[in-house]
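For reference, coords-v6.cif is printed below; it contains mmCIF, N, CA and C atoms.
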```cif
data_run
loop_
_atom_site.label_atom_id
_atom_site.label_comp_id
_atom_site.auth_asym_id
_atom_site.auth_seq_id
_atom_site.Cartn_x
_atom_site.Cartn_y
_atom_site.Cartn_z
N MET A 193 12.78 -4.35 -15.87
CA MET A 193 12.35 -2.99 -15.64
C MET A 193 10.84 -2.87 -15.92
N THR A 194 10.13 -2.25 -15.01
CA THR A 194 8.70 -2.04 -15.17
C THR A 194 8.44 -0.57 -15.44
N LYS A 195 7.63 -0.31 -16.45
CA LYS A 195 7.26 1.07 -16.79
C LYS A 195 5.75 1.18 -16.67
N TYR A 196 5.29 2.25 -16.02
CA TYR A 196 3.87 2.46 -15.76
C TYR A 196 3.35 3.61 -16.61
N PHE A 197 2.19 3.39 -17.23
CA PHE A 197 1.52 4.42 -18.02
C PHE A 197 0.10 4.57 -17.49
N PRO A 198 -0.21 5.68 -16.82
CA PRO A 198 -1.58 5.86 -16.31
C PRO A 198 -2.56 6.08 -17.46
N SER A 199 -3.81 5.75 -17.22
CA SER A 199 -4.85 5.99 -18.21
C SER A 199 -5.13 7.48 -18.30
N ALA A 200 -5.36 7.94 -19.52
CA ALA A 200 -5.83 9.32 -19.71
C ALA A 200 -7.25 9.39 -19.15
N ARG A 201 -7.65 10.55 -18.68
CA ARG A 201 -8.99 10.71 -18.12
C ARG A 201 -9.71 11.84 -18.86
N SER A 202 -10.76 11.48 -19.55
CA SER A 202 -11.56 12.43 -20.30
C SER A 202 -12.44 13.23 -19.34
N LYS A 203 -12.42 14.55 -19.48
CA LYS A 203 -13.26 15.39 -18.62
C LYS A 203 -14.74 15.09 -18.81
N SER A 204 -15.17 14.92 -20.07
CA SER A 204 -16.59 14.67 -20.32
C SER A 204 -17.03 13.33 -19.74
N LEU A 205 -16.19 12.31 -19.87
CA LEU A 205 -16.52 11.01 -19.28
C LEU A 205 -16.55 11.10 -17.76
N GLY A 206 -15.60 11.83 -17.19
CA GLY A 206 -15.56 12.01 -15.74
C GLY A 206 -16.78 12.75 -15.22
N ILE A 207 -17.15 13.82 -15.90
CA ILE A 207 -18.34 14.59 -15.48
C ILE A 207 -19.58 13.70 -15.55
N PHE A 208 -19.71 12.95 -16.64
CA PHE A 208 -20.86 12.06 -16.79
C PHE A 208 -20.90 11.01 -15.68
N LEU A 209 -19.78 10.34 -15.47
CA LEU A 209 -19.70 9.27 -14.47
C LEU A 209 -20.00 9.79 -13.07
N TRP A 210 -19.31 10.84 -12.66
CA TRP A 210 -19.47 11.36 -11.30
C TRP A 210 -20.83 12.02 -11.11
N ALA A 211 -21.38 12.65 -12.15
CA ALA A 211 -22.71 13.27 -12.03
C ALA A 211 -23.78 12.21 -11.82
N ILE A 212 -23.73 11.14 -12.61
CA ILE A 212 -24.70 10.04 -12.44
C ILE A 212 -24.59 9.46 -11.04
N LEU A 213 -23.36 9.23 -10.59
CA LEU A 213 -23.13 8.66 -9.26
C LEU A 213 -23.69 9.58 -8.17
N LEU A 214 -23.37 10.87 -8.24
CA LEU A 214 -23.83 11.81 -7.21
C LEU A 214 -25.35 12.01 -7.26
N LEU A 215 -25.92 12.07 -8.45
CA LEU A 215 -27.38 12.21 -8.54
C LEU A 215 -28.10 10.99 -7.97
N THR A 216 -27.59 9.82 -8.27
CA THR A 216 -28.19 8.59 -7.74
C THR A 216 -28.14 8.56 -6.22
N PHE A 217 -26.96 8.87 -5.67
CA PHE A 217 -26.84 8.86 -4.22
C PHE A 217 -27.62 10.00 -3.58
N GLY A 218 -27.64 11.15 -4.23
CA GLY A 218 -28.42 12.27 -3.71
C GLY A 218 -29.89 11.92 -3.61
N PHE A 219 -30.42 11.31 -4.65
CA PHE A 219 -31.82 10.89 -4.63
C PHE A 219 -32.07 9.85 -3.54
N SER A 220 -31.16 8.90 -3.39
CA SER A 220 -31.31 7.86 -2.36
C SER A 220 -31.28 8.47 -0.96
N PHE A 221 -30.35 9.43 -0.74
CA PHE A 221 -30.29 10.12 0.56
C PHE A 221 -31.59 10.89 0.81
N TYR A 222 -32.07 11.57 -0.21
CA TYR A 222 -33.30 12.34 -0.08
C TYR A 222 -34.46 11.43 0.33
N GLN A 223 -34.58 10.28 -0.35
CA GLN A 223 -35.66 9.34 -0.03
C GLN A 223 -35.54 8.82 1.41
N ALA A 224 -34.32 8.50 1.83
CA ALA A 224 -34.12 7.99 3.19
C ALA A 224 -34.48 9.05 4.22
N ILE A 225 -34.09 10.30 3.99
CA ILE A 225 -34.38 11.38 4.93
C ILE A 225 -35.87 11.71 4.91
N GLU A 226 -36.46 11.76 3.71
CA GLU A 226 -37.88 12.06 3.56
C GLU A 226 -38.75 11.04 4.29
N ASN A 227 -38.33 9.78 4.28
CA ASN A 227 -39.09 8.72 4.95
C ASN A 227 -38.72 8.58 6.42
N SER A 228 -37.83 9.44 6.90
CA SER A 228 -37.36 9.39 8.29
C SER A 228 -36.88 7.99 8.67
N ALA A 229 -36.19 7.35 7.74
CA ALA A 229 -35.72 5.99 7.97
C ALA A 229 -34.22 6.05 8.23
N PHE A 230 -33.86 6.11 9.53
CA PHE A 230 -32.44 6.22 9.89
C PHE A 230 -31.67 4.99 9.43
N SER A 231 -32.24 3.81 9.57
CA SER A 231 -31.54 2.59 9.15
C SER A 231 -31.33 2.59 7.64
N GLN A 232 -32.33 3.08 6.90
CA GLN A 232 -32.19 3.18 5.44
C GLN A 232 -31.08 4.18 5.09
N PHE A 233 -31.02 5.27 5.83
CA PHE A 233 -29.98 6.28 5.61
C PHE A 233 -28.60 5.69 5.83
N ILE A 234 -28.43 4.90 6.89
CA ILE A 234 -27.13 4.28 7.20
C ILE A 234 -26.74 3.31 6.07
N VAL A 235 -27.69 2.53 5.58
CA VAL A 235 -27.40 1.60 4.50
C VAL A 235 -26.98 2.35 3.24
N VAL A 236 -27.75 3.38 2.88
CA VAL A 236 -27.44 4.17 1.69
C VAL A 236 -26.08 4.85 1.84
N PHE A 237 -25.82 5.40 3.02
CA PHE A 237 -24.54 6.07 3.27
C PHE A 237 -23.38 5.09 3.13
N SER A 238 -23.52 3.90 3.71
CA SER A 238 -22.46 2.88 3.65
C SER A 238 -22.20 2.43 2.22
N ILE A 239 -23.27 2.15 1.49
CA ILE A 239 -23.12 1.74 0.08
C ILE A 239 -22.50 2.87 -0.73
N SER A 240 -22.89 4.10 -0.45
CA SER A 240 -22.34 5.25 -1.17
C SER A 240 -20.84 5.38 -0.96
N ILE A 241 -20.40 5.27 0.27
CA ILE A 241 -18.97 5.39 0.57
C ILE A 241 -18.17 4.30 -0.12
N VAL A 242 -18.64 3.05 -0.03
CA VAL A 242 -17.93 1.94 -0.67
C VAL A 242 -17.89 2.14 -2.19
N THR A 243 -19.00 2.55 -2.77
CA THR A 243 -19.07 2.75 -4.22
C THR A 243 -18.16 3.89 -4.67
N ILE A 244 -18.16 4.99 -3.93
CA ILE A 244 -17.31 6.13 -4.28
C ILE A 244 -15.83 5.74 -4.18
N ILE A 245 -15.47 4.99 -3.16
CA ILE A 245 -14.08 4.53 -3.04
C ILE A 245 -13.72 3.61 -4.21
N PHE A 246 -14.61 2.70 -4.55
CA PHE A 246 -14.35 1.78 -5.66
C PHE A 246 -14.22 2.54 -6.98
N ILE A 247 -15.19 3.39 -7.29
CA ILE A 247 -15.16 4.16 -8.56
C ILE A 247 -13.94 5.08 -8.57
N GLY A 248 -13.62 5.69 -7.44
CA GLY A 248 -12.43 6.55 -7.35
C GLY A 248 -11.16 5.77 -7.63
N THR A 249 -11.06 4.58 -7.09
CA THR A 249 -9.88 3.74 -7.33
C THR A 249 -9.78 3.38 -8.81
N VAL A 250 -10.89 3.01 -9.41
CA VAL A 250 -10.89 2.69 -10.84
C VAL A 250 -10.55 3.93 -11.66
N TRP A 251 -11.10 5.08 -11.30
CA TRP A 251 -10.88 6.32 -12.05
C TRP A 251 -9.42 6.78 -11.95
N PHE A 252 -8.84 6.72 -10.76
CA PHE A 252 -7.50 7.27 -10.56
C PHE A 252 -6.37 6.24 -10.66
N LYS A 253 -6.67 4.96 -10.61
CA LYS A 253 -5.61 3.94 -10.59
C LYS A 253 -5.64 2.98 -11.78
N THR A 254 -6.43 3.29 -12.82
CA THR A 254 -6.38 2.46 -14.02
C THR A 254 -5.13 2.82 -14.79
N GLY A 255 -4.38 1.80 -15.21
CA GLY A 255 -3.15 2.06 -15.93
C GLY A 255 -2.59 0.81 -16.56
N TYR A 256 -1.45 0.99 -17.19
CA TYR A 256 -0.86 -0.06 -18.01
C TYR A 256 0.62 -0.19 -17.66
N PHE A 257 1.04 -1.42 -17.41
CA PHE A 257 2.42 -1.70 -17.04
C PHE A 257 3.09 -2.49 -18.16
N ILE A 258 4.30 -2.09 -18.50
CA ILE A 258 5.13 -2.89 -19.39
C ILE A 258 6.20 -3.49 -18.50
N SER A 259 6.13 -4.81 -18.34
CA SER A 259 7.00 -5.49 -17.39
C SER A 259 7.33 -6.90 -17.90
N ASN A 260 8.61 -7.24 -17.90
CA ASN A 260 9.04 -8.58 -18.29
C ASN A 260 8.45 -9.02 -19.64
N LYS A 261 8.45 -8.11 -20.60
CA LYS A 261 7.96 -8.39 -21.96
C LYS A 261 6.46 -8.66 -22.01
N ASN A 262 5.73 -8.20 -20.99
CA ASN A 262 4.28 -8.31 -20.96
C ASN A 262 3.66 -6.93 -20.83
N LEU A 263 2.47 -6.79 -21.39
CA LEU A 263 1.64 -5.62 -21.15
C LEU A 263 0.58 -6.05 -20.14
N ILE A 264 0.59 -5.40 -18.99
CA ILE A 264 -0.36 -5.73 -17.92
C ILE A 264 -1.33 -4.56 -17.80
N VAL A 265 -2.60 -4.85 -18.00
CA VAL A 265 -3.64 -3.84 -17.95
C VAL A 265 -4.36 -3.97 -16.61
N LYS A 266 -4.34 -2.88 -15.83
CA LYS A 266 -4.96 -2.88 -14.50
C LYS A 266 -6.13 -1.90 -14.49
N ILE A 267 -7.20 -2.32 -13.84
CA ILE A 267 -8.35 -1.45 -13.57
C ILE A 267 -8.41 -1.32 -12.07
N GLY A 268 -7.98 -0.16 -11.57
CA GLY A 268 -7.91 -0.01 -10.12
C GLY A 268 -7.01 -1.08 -9.55
N PRO A 269 -7.49 -1.83 -8.57
CA PRO A 269 -6.65 -2.86 -7.95
C PRO A 269 -6.67 -4.20 -8.69
N PHE A 270 -7.44 -4.31 -9.76
CA PHE A 270 -7.63 -5.59 -10.45
C PHE A 270 -6.82 -5.67 -11.75
N THR A 271 -6.25 -6.85 -12.02
CA THR A 271 -5.60 -7.08 -13.30
C THR A 271 -6.67 -7.49 -14.30
N TYR A 272 -6.82 -6.69 -15.34
CA TYR A 272 -7.83 -6.93 -16.36
C TYR A 272 -7.32 -7.91 -17.42
N SER A 273 -6.07 -7.70 -17.84
CA SER A 273 -5.52 -8.51 -18.90
C SER A 273 -4.00 -8.48 -18.85
N GLU A 274 -3.40 -9.55 -19.34
CA GLU A 274 -1.96 -9.61 -19.47
C GLU A 274 -1.66 -10.18 -20.86
N ILE A 275 -0.87 -9.45 -21.64
CA ILE A 275 -0.59 -9.84 -23.02
C ILE A 275 0.92 -9.87 -23.24
N ARG A 276 1.40 -10.93 -23.85
CA ARG A 276 2.81 -10.99 -24.25
C ARG A 276 3.03 -9.97 -25.36
N ILE A 277 3.98 -9.09 -25.18
CA ILE A 277 4.24 -8.05 -26.18
C ILE A 277 4.67 -8.68 -27.51
N SER A 278 5.33 -9.80 -27.46
CA SER A 278 5.74 -10.48 -28.69
C SER A 278 4.54 -10.98 -29.51
N LYS A 279 3.37 -11.09 -28.88
CA LYS A 279 2.16 -11.56 -29.56
C LYS A 279 1.31 -10.40 -30.10
N ILE A 280 1.67 -9.16 -29.79
CA ILE A 280 0.91 -8.01 -30.28
C ILE A 280 1.24 -7.79 -31.75
N SER A 281 0.18 -7.67 -32.57
CA SER A 281 0.38 -7.48 -34.01
C SER A 281 0.10 -6.06 -34.46
N GLU A 282 -0.80 -5.36 -33.75
CA GLU A 282 -1.20 -4.04 -34.22
C GLU A 282 -1.66 -3.16 -33.06
N ILE A 283 -1.38 -1.87 -33.21
CA ILE A 283 -1.93 -0.83 -32.32
C ILE A 283 -2.62 0.16 -33.25
N SER A 284 -3.91 0.38 -33.01
CA SER A 284 -4.65 1.31 -33.87
C SER A 284 -5.56 2.20 -33.03
N ARG A 285 -5.94 3.32 -33.61
CA ARG A 285 -6.85 4.27 -32.94
C ARG A 285 -8.26 3.70 -33.00
N THR A 286 -8.99 3.87 -31.92
CA THR A 286 -10.40 3.50 -31.90
C THR A 286 -11.16 4.52 -31.07
N HIS A 287 -12.39 4.74 -31.46
CA HIS A 287 -13.27 5.63 -30.69
C HIS A 287 -14.47 4.83 -30.18
N SER A 288 -14.26 3.54 -30.07
CA SER A 288 -15.30 2.65 -29.59
C SER A 288 -15.68 3.02 -28.16
N ILE A 289 -16.96 2.98 -27.88
CA ILE A 289 -17.42 3.30 -26.52
C ILE A 289 -17.72 2.04 -25.72
N ILE A 290 -17.26 0.89 -26.23
CA ILE A 290 -17.45 -0.34 -25.48
C ILE A 290 -16.76 -0.23 -24.13
N SER A 291 -17.24 -0.99 -23.20
CA SER A 291 -16.62 -1.01 -21.88
C SER A 291 -15.19 -1.47 -22.02
N ALA A 292 -14.28 -0.70 -21.44
CA ALA A 292 -12.86 -0.99 -21.59
C ALA A 292 -12.10 -0.39 -20.41
N PRO A 293 -10.89 -0.90 -20.17
CA PRO A 293 -10.06 -0.30 -19.12
C PRO A 293 -9.43 0.99 -19.62
N ALA A 294 -10.30 1.94 -19.95
CA ALA A 294 -9.87 3.22 -20.50
C ALA A 294 -10.78 4.31 -19.96
N ASN A 295 -10.19 5.34 -19.38
CA ASN A 295 -10.97 6.43 -18.79
C ASN A 295 -11.06 7.64 -19.72
N SER A 296 -10.90 7.40 -21.00
CA SER A 296 -10.95 8.45 -21.99
C SER A 296 -11.59 7.89 -23.26
N PHE A 297 -12.15 8.78 -24.08
CA PHE A 297 -12.71 8.34 -25.36
C PHE A 297 -11.65 8.26 -26.44
N LYS A 298 -10.47 8.81 -26.20
CA LYS A 298 -9.34 8.72 -27.13
C LYS A 298 -8.61 7.43 -26.77
N ARG A 299 -8.84 6.39 -27.57
CA ARG A 299 -8.42 5.05 -27.18
C ARG A 299 -7.54 4.38 -28.24
N LEU A 300 -6.79 3.40 -27.78
CA LEU A 300 -5.98 2.57 -28.65
C LEU A 300 -6.47 1.13 -28.54
N ALA A 301 -6.58 0.47 -29.68
CA ALA A 301 -6.90 -0.96 -29.69
C ALA A 301 -5.59 -1.72 -29.82
N ILE A 302 -5.31 -2.57 -28.87
CA ILE A 302 -4.12 -3.42 -28.88
C ILE A 302 -4.58 -4.80 -29.36
N LYS A 303 -4.10 -5.18 -30.54
CA LYS A 303 -4.52 -6.46 -31.12
C LYS A 303 -3.39 -7.46 -30.99
N SER A 304 -3.72 -8.59 -30.39
CA SER A 304 -2.76 -9.68 -30.28
C SER A 304 -3.33 -10.89 -31.00
N VAL A 305 -2.65 -12.00 -30.88
CA VAL A 305 -3.05 -13.22 -31.59
C VAL A 305 -4.50 -13.61 -31.29
N ASN A 306 -4.90 -13.54 -30.04
CA ASN A 306 -6.23 -14.05 -29.69
C ASN A 306 -7.13 -13.06 -28.96
N LYS A 307 -6.74 -11.79 -28.90
CA LYS A 307 -7.62 -10.84 -28.22
C LYS A 307 -7.34 -9.41 -28.65
N ILE A 308 -8.31 -8.56 -28.37
CA ILE A 308 -8.18 -7.12 -28.57
C ILE A 308 -8.50 -6.46 -27.24
N VAL A 309 -7.61 -5.58 -26.80
CA VAL A 309 -7.83 -4.83 -25.56
C VAL A 309 -7.82 -3.36 -25.92
N VAL A 310 -8.80 -2.62 -25.43
CA VAL A 310 -8.90 -1.19 -25.68
C VAL A 310 -8.40 -0.44 -24.45
N ILE A 311 -7.44 0.46 -24.67
CA ILE A 311 -6.83 1.20 -23.56
C ILE A 311 -6.71 2.68 -23.94
N SER A 312 -6.32 3.50 -22.96
CA SER A 312 -6.14 4.93 -23.22
C SER A 312 -4.96 5.48 -22.42
N PRO A 313 -3.73 5.15 -22.81
CA PRO A 313 -2.59 5.68 -22.05
C PRO A 313 -2.49 7.20 -22.19
N LYS A 314 -2.17 7.84 -21.09
CA LYS A 314 -2.06 9.30 -21.06
C LYS A 314 -0.94 9.78 -22.00
N GLU A 315 0.18 9.13 -21.97
CA GLU A 315 1.33 9.46 -22.82
C GLU A 315 1.40 8.44 -23.95
N GLU A 316 0.54 8.61 -24.96
CA GLU A 316 0.44 7.64 -26.05
C GLU A 316 1.77 7.40 -26.77
N GLU A 317 2.45 8.47 -27.14
CA GLU A 317 3.70 8.33 -27.89
C GLU A 317 4.73 7.52 -27.11
N ASP A 318 4.91 7.86 -25.85
CA ASP A 318 5.87 7.13 -25.01
C ASP A 318 5.46 5.68 -24.85
N PHE A 319 4.16 5.44 -24.70
CA PHE A 319 3.66 4.08 -24.57
C PHE A 319 3.99 3.27 -25.82
N ILE A 320 3.69 3.83 -26.99
CA ILE A 320 3.93 3.13 -28.25
C ILE A 320 5.43 2.89 -28.46
N LYS A 321 6.26 3.87 -28.13
CA LYS A 321 7.71 3.70 -28.25
C LYS A 321 8.20 2.56 -27.36
N ALA A 322 7.69 2.50 -26.15
CA ALA A 322 8.11 1.44 -25.21
C ALA A 322 7.69 0.06 -25.71
N ILE A 323 6.49 -0.04 -26.28
CA ILE A 323 6.02 -1.32 -26.82
C ILE A 323 6.83 -1.70 -28.06
N LYS A 324 7.02 -0.72 -28.96
CA LYS A 324 7.76 -0.99 -30.21
C LYS A 324 9.23 -1.35 -29.94
N LYS A 325 9.76 -0.84 -28.85
CA LYS A 325 11.14 -1.18 -28.49
C LYS A 325 11.27 -2.68 -28.21
N LEU A 326 10.22 -3.27 -27.64
CA LEU A 326 10.22 -4.69 -27.32
C LEU A 326 9.74 -5.57 -28.48
N ASN A 327 8.94 -4.97 -29.38
CA ASN A 327 8.45 -5.71 -30.55
C ASN A 327 8.34 -4.74 -31.73
N PRO A 328 9.43 -4.56 -32.48
CA PRO A 328 9.43 -3.62 -33.61
C PRO A 328 8.50 -4.04 -34.75
N GLN A 329 7.99 -5.28 -34.77
CA GLN A 329 7.12 -5.76 -35.84
C GLN A 329 5.68 -5.26 -35.71
N ILE A 330 5.35 -4.61 -34.63
CA ILE A 330 3.97 -4.15 -34.42
C ILE A 330 3.63 -3.07 -35.44
N ASP A 331 2.48 -3.22 -36.12
CA ASP A 331 1.97 -2.18 -37.01
C ASP A 331 1.25 -1.14 -36.18
N VAL A 332 1.60 0.12 -36.39
CA VAL A 332 0.95 1.21 -35.68
C VAL A 332 0.14 2.01 -36.68
N ASN A 333 -1.18 2.04 -36.48
CA ASN A 333 -2.10 2.74 -37.38
C ASN A 333 -2.90 3.76 -36.58
N LEU A 334 -2.37 4.97 -36.52
CA LEU A 334 -3.08 6.01 -35.78
C LEU A 334 -3.68 6.93 -36.77
#
```
Would you mind writing the file out in structure tokens?
Amino acid sequence: MTKYFPSARSKSLGIFLWAILLLTFGFSFYQAIENSAFSQFIVVFSISIVTIIFIGTVWFKTGYFISNKNLIVKIGPFTYSEIRISKISEISRTHSIISAPANSFKRLAIKSVNKIVVISPKEEEDFIKAIKKLNPQIDVNL
């Protein structure tokens, strides 16, 4: 059985991310139009569309799967990490702003034998219950 937990999405992080993206593209479009460079406009427009689709996919499709006794962390269409749930030793709260497959500042650090992955499941309680069901030895420090 596979269970999916989407990433929580922080409004402030979303506003920051999308504002920077739109301001950057707005300035690039302005420069292309101001210089009357149609070819430059086409390039900027094409890059903008691809980037918006990519960022949108990462923003709306980042999530966490519990499947076959593994925790699979996905960022958009990419698998970021796969951890055996039996190897997880601790789940704790973190407010680290390091780059992570988490679209929120309210984050959980998943500590296993050889790695730490920072995530932000939307339904934290349900996520922790599902993990603890497969490995009751996990220490939860929230």
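With atom N of Ser304 in chain A on one side and atom N of Leu205 in chain A on the other, the separation reads 26.5 Å.
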Just say which residues the PyMOL selection byres ((chain A and resi 285-291) around 8) picks in this file, as a ChimeraX atom specification. /A:282-284,292-294,296-302,310,332-334
For range 229-245 of chain A, please output as a short mmCIF file (atom, residue, chain, number, x, y, z; two decimals) with N, CA and C atoms, in the frame of the given file all residues within 7 Å (counting all atoms listed in the file; exclusion window: fewer than 6 positions along the same chain).
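Result file follows (part.cif):
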```cif
data_model
loop_
_atom_site.label_atom_id
_atom_site.label_comp_id
_atom_site.auth_asym_id
_atom_site.auth_seq_id
_atom_site.Cartn_x
_atom_site.Cartn_y
_atom_site.Cartn_z
N PHE A 217 -26.96 8.87 -5.67
CA PHE A 217 -26.84 8.86 -4.22
C PHE A 217 -27.62 10.00 -3.58
N SER A 220 -31.16 8.90 -3.39
CA SER A 220 -31.31 7.86 -2.36
C SER A 220 -31.28 8.47 -0.96
N PHE A 221 -30.35 9.43 -0.74
CA PHE A 221 -30.29 10.12 0.56
C PHE A 221 -31.59 10.89 0.81
N GLN A 223 -34.58 10.28 -0.35
CA GLN A 223 -35.66 9.34 -0.03
C GLN A 223 -35.54 8.82 1.41
#
```
If you run DSSP on this backbone, which residues of range 199-333 of chain A come out as strand (DSSP E or B), and could you give them as a ChimeraX atom specification? /A:199,201,255-259,262-267,270-276,280-286,295,299-304,308-311,313,331-333
Selection from above, N, CA and C atoms, as a compact mmCIF listing (two decimals), keeping the file's coordinate frame, can you write it?
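part.txt, freshly written:
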```txt
# COMPACT_ATOMS: atom_id res chain seq x y z
N SER A 199 -3.81 5.75 -17.22
CA SER A 199 -4.85 5.99 -18.21
C SER A 199 -5.13 7.48 -18.30
N ARG A 201 -7.65 10.55 -18.68
CA ARG A 201 -8.99 10.71 -18.12
C ARG A 201 -9.71 11.84 -18.86
N GLY A 255 -4.38 1.80 -15.21
CA GLY A 255 -3.15 2.06 -15.93
C GLY A 255 -2.59 0.81 -16.56
N TYR A 256 -1.45 0.99 -17.19
CA TYR A 256 -0.86 -0.06 -18.01
C TYR A 256 0.62 -0.19 -17.66
N PHE A 257 1.04 -1.42 -17.41
CA PHE A 257 2.42 -1.70 -17.04
C PHE A 257 3.09 -2.49 -18.16
N ILE A 258 4.30 -2.09 -18.50
CA ILE A 258 5.13 -2.89 -19.39
C ILE A 258 6.20 -3.49 -18.50
N SER A 259 6.13 -4.81 -18.34
CA SER A 259 7.00 -5.49 -17.39
C SER A 259 7.33 -6.90 -17.90
N ASN A 262 5.73 -8.20 -20.99
CA ASN A 262 4.28 -8.31 -20.96
C ASN A 262 3.66 -6.93 -20.83
N LEU A 263 2.47 -6.79 -21.39
CA LEU A 263 1.64 -5.62 -21.15
C LEU A 263 0.58 -6.05 -20.14
N ILE A 264 0.59 -5.40 -18.99
CA ILE A 264 -0.36 -5.73 -17.92
C ILE A 264 -1.33 -4.56 -17.80
N VAL A 265 -2.60 -4.85 -18.00
CA VAL A 265 -3.64 -3.84 -17.95
C VAL A 265 -4.36 -3.97 -16.61
N LYS A 266 -4.34 -2.88 -15.83
CA LYS A 266 -4.96 -2.88 -14.50
C LYS A 266 -6.13 -1.90 -14.49
N ILE A 267 -7.20 -2.32 -13.84
CA ILE A 267 -8.35 -1.45 -13.57
C ILE A 267 -8.41 -1.32 -12.07
N PHE A 270 -7.44 -4.31 -9.76
CA PHE A 270 -7.63 -5.59 -10.45
C PHE A 270 -6.82 -5.67 -11.75
N THR A 271 -6.25 -6.85 -12.02
CA THR A 271 -5.60 -7.08 -13.30
C THR A 271 -6.67 -7.49 -14.30
N TYR A 272 -6.82 -6.69 -15.34
CA TYR A 272 -7.83 -6.93 -16.36
C TYR A 272 -7.32 -7.91 -17.42
N SER A 273 -6.07 -7.70 -17.84
CA SER A 273 -5.52 -8.51 -18.90
C SER A 273 -4.00 -8.48 -18.85
N GLU A 274 -3.40 -9.55 -19.34
CA GLU A 274 -1.96 -9.61 -19.47
C GLU A 274 -1.66 -10.18 -20.86
N ILE A 275 -0.87 -9.45 -21.64
CA ILE A 275 -0.59 -9.84 -23.02
C ILE A 275 0.92 -9.87 -23.24
N ARG A 276 1.40 -10.93 -23.85
CA ARG A 276 2.81 -10.99 -24.25
C ARG A 276 3.03 -9.97 -25.36
N ILE A 280 1.67 -9.16 -29.79
CA ILE A 280 0.91 -8.01 -30.28
C ILE A 280 1.24 -7.79 -31.75
N SER A 281 0.18 -7.67 -32.57
CA SER A 281 0.38 -7.48 -34.01
C SER A 281 0.10 -6.06 -34.46
N GLU A 282 -0.80 -5.36 -33.75
CA GLU A 282 -1.20 -4.04 -34.22
C GLU A 282 -1.66 -3.16 -33.06
N ILE A 283 -1.38 -1.87 -33.21
CA ILE A 283 -1.93 -0.83 -32.32
C ILE A 283 -2.62 0.16 -33.25
N SER A 284 -3.91 0.38 -33.01
CA SER A 284 -4.65 1.31 -33.87
C SER A 284 -5.56 2.20 -33.03
N ARG A 285 -5.94 3.32 -33.61
CA ARG A 285 -6.85 4.27 -32.94
C ARG A 285 -8.26 3.70 -33.00
N THR A 286 -8.99 3.87 -31.92
CA THR A 286 -10.40 3.50 -31.90
C THR A 286 -11.16 4.52 -31.07
N ASN A 295 -10.19 5.34 -19.38
CA ASN A 295 -10.97 6.43 -18.79
C ASN A 295 -11.06 7.64 -19.72
N ARG A 299 -8.84 6.39 -27.57
CA ARG A 299 -8.42 5.05 -27.18
C ARG A 299 -7.54 4.38 -28.24
N LEU A 300 -6.79 3.40 -27.78
CA LEU A 300 -5.98 2.57 -28.65
C LEU A 300 -6.47 1.13 -28.54
N ALA A 301 -6.58 0.47 -29.68
CA ALA A 301 -6.90 -0.96 -29.69
C ALA A 301 -5.59 -1.72 -29.82
N ILE A 302 -5.31 -2.57 -28.87
CA ILE A 302 -4.12 -3.42 -28.88
C ILE A 302 -4.58 -4.80 -29.36
N LYS A 303 -4.10 -5.18 -30.54
CA LYS A 303 -4.52 -6.46 -31.12
C LYS A 303 -3.39 -7.46 -30.99
N SER A 304 -3.72 -8.59 -30.39
CA SER A 304 -2.76 -9.68 -30.28
C SER A 304 -3.33 -10.89 -31.00
N ILE A 308 -8.31 -8.56 -28.37
CA ILE A 308 -8.18 -7.12 -28.57
C ILE A 308 -8.50 -6.46 -27.24
N VAL A 309 -7.61 -5.58 -26.80
CA VAL A 309 -7.83 -4.83 -25.56
C VAL A 309 -7.82 -3.36 -25.92
N VAL A 310 -8.80 -2.62 -25.43
CA VAL A 310 -8.90 -1.19 -25.68
C VAL A 310 -8.40 -0.44 -24.45
N ILE A 311 -7.44 0.46 -24.67
CA ILE A 311 -6.83 1.20 -23.56
C ILE A 311 -6.71 2.68 -23.94
N PRO A 313 -3.73 5.15 -22.81
CA PRO A 313 -2.59 5.68 -22.05
C PRO A 313 -2.49 7.20 -22.19
N ASP A 331 2.48 -3.22 -36.12
CA ASP A 331 1.97 -2.18 -37.01
C ASP A 331 1.25 -1.14 -36.18
N VAL A 332 1.60 0.12 -36.39
CA VAL A 332 0.95 1.21 -35.68
C VAL A 332 0.14 2.01 -36.68
N ASN A 333 -1.18 2.04 -36.48
CA ASN A 333 -2.10 2.74 -37.38
C ASN A 333 -2.90 3.76 -36.58
```
Mind giving me the straight-line distance from atom C of Ile212 in chain A to atom C of Ile308 in chain A in Å, one decimal? 27.8 Å
May I ask for the distance between CA of Ile277 in chain A and CA of Pro198 in chain A, given in Å to one decimal place? 18.0 Å
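Shortest separation to Ser281 in chain A among A:Ile264, A:Ile330, A:Leu213, A:Ile207 occurs at residue A:Ile330, atoms counted being all atoms listed in the file.
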So that I can check the surroundings of range 254-262 of chain A, please list as number ranges by chain every protein, DNA and RNA residue that reaches within 5 Å of it, counting only N, CA and C atoms and ignoring chain neighbours fewer than 6 positions away. A: 193-199, 268, 275-277
So which bits of chain A end up helix (DSSP H, G or I) when you DSSP the backbone, as a PyMOL selection string? chain A and resi 203-226+230-253+277-279+316-326
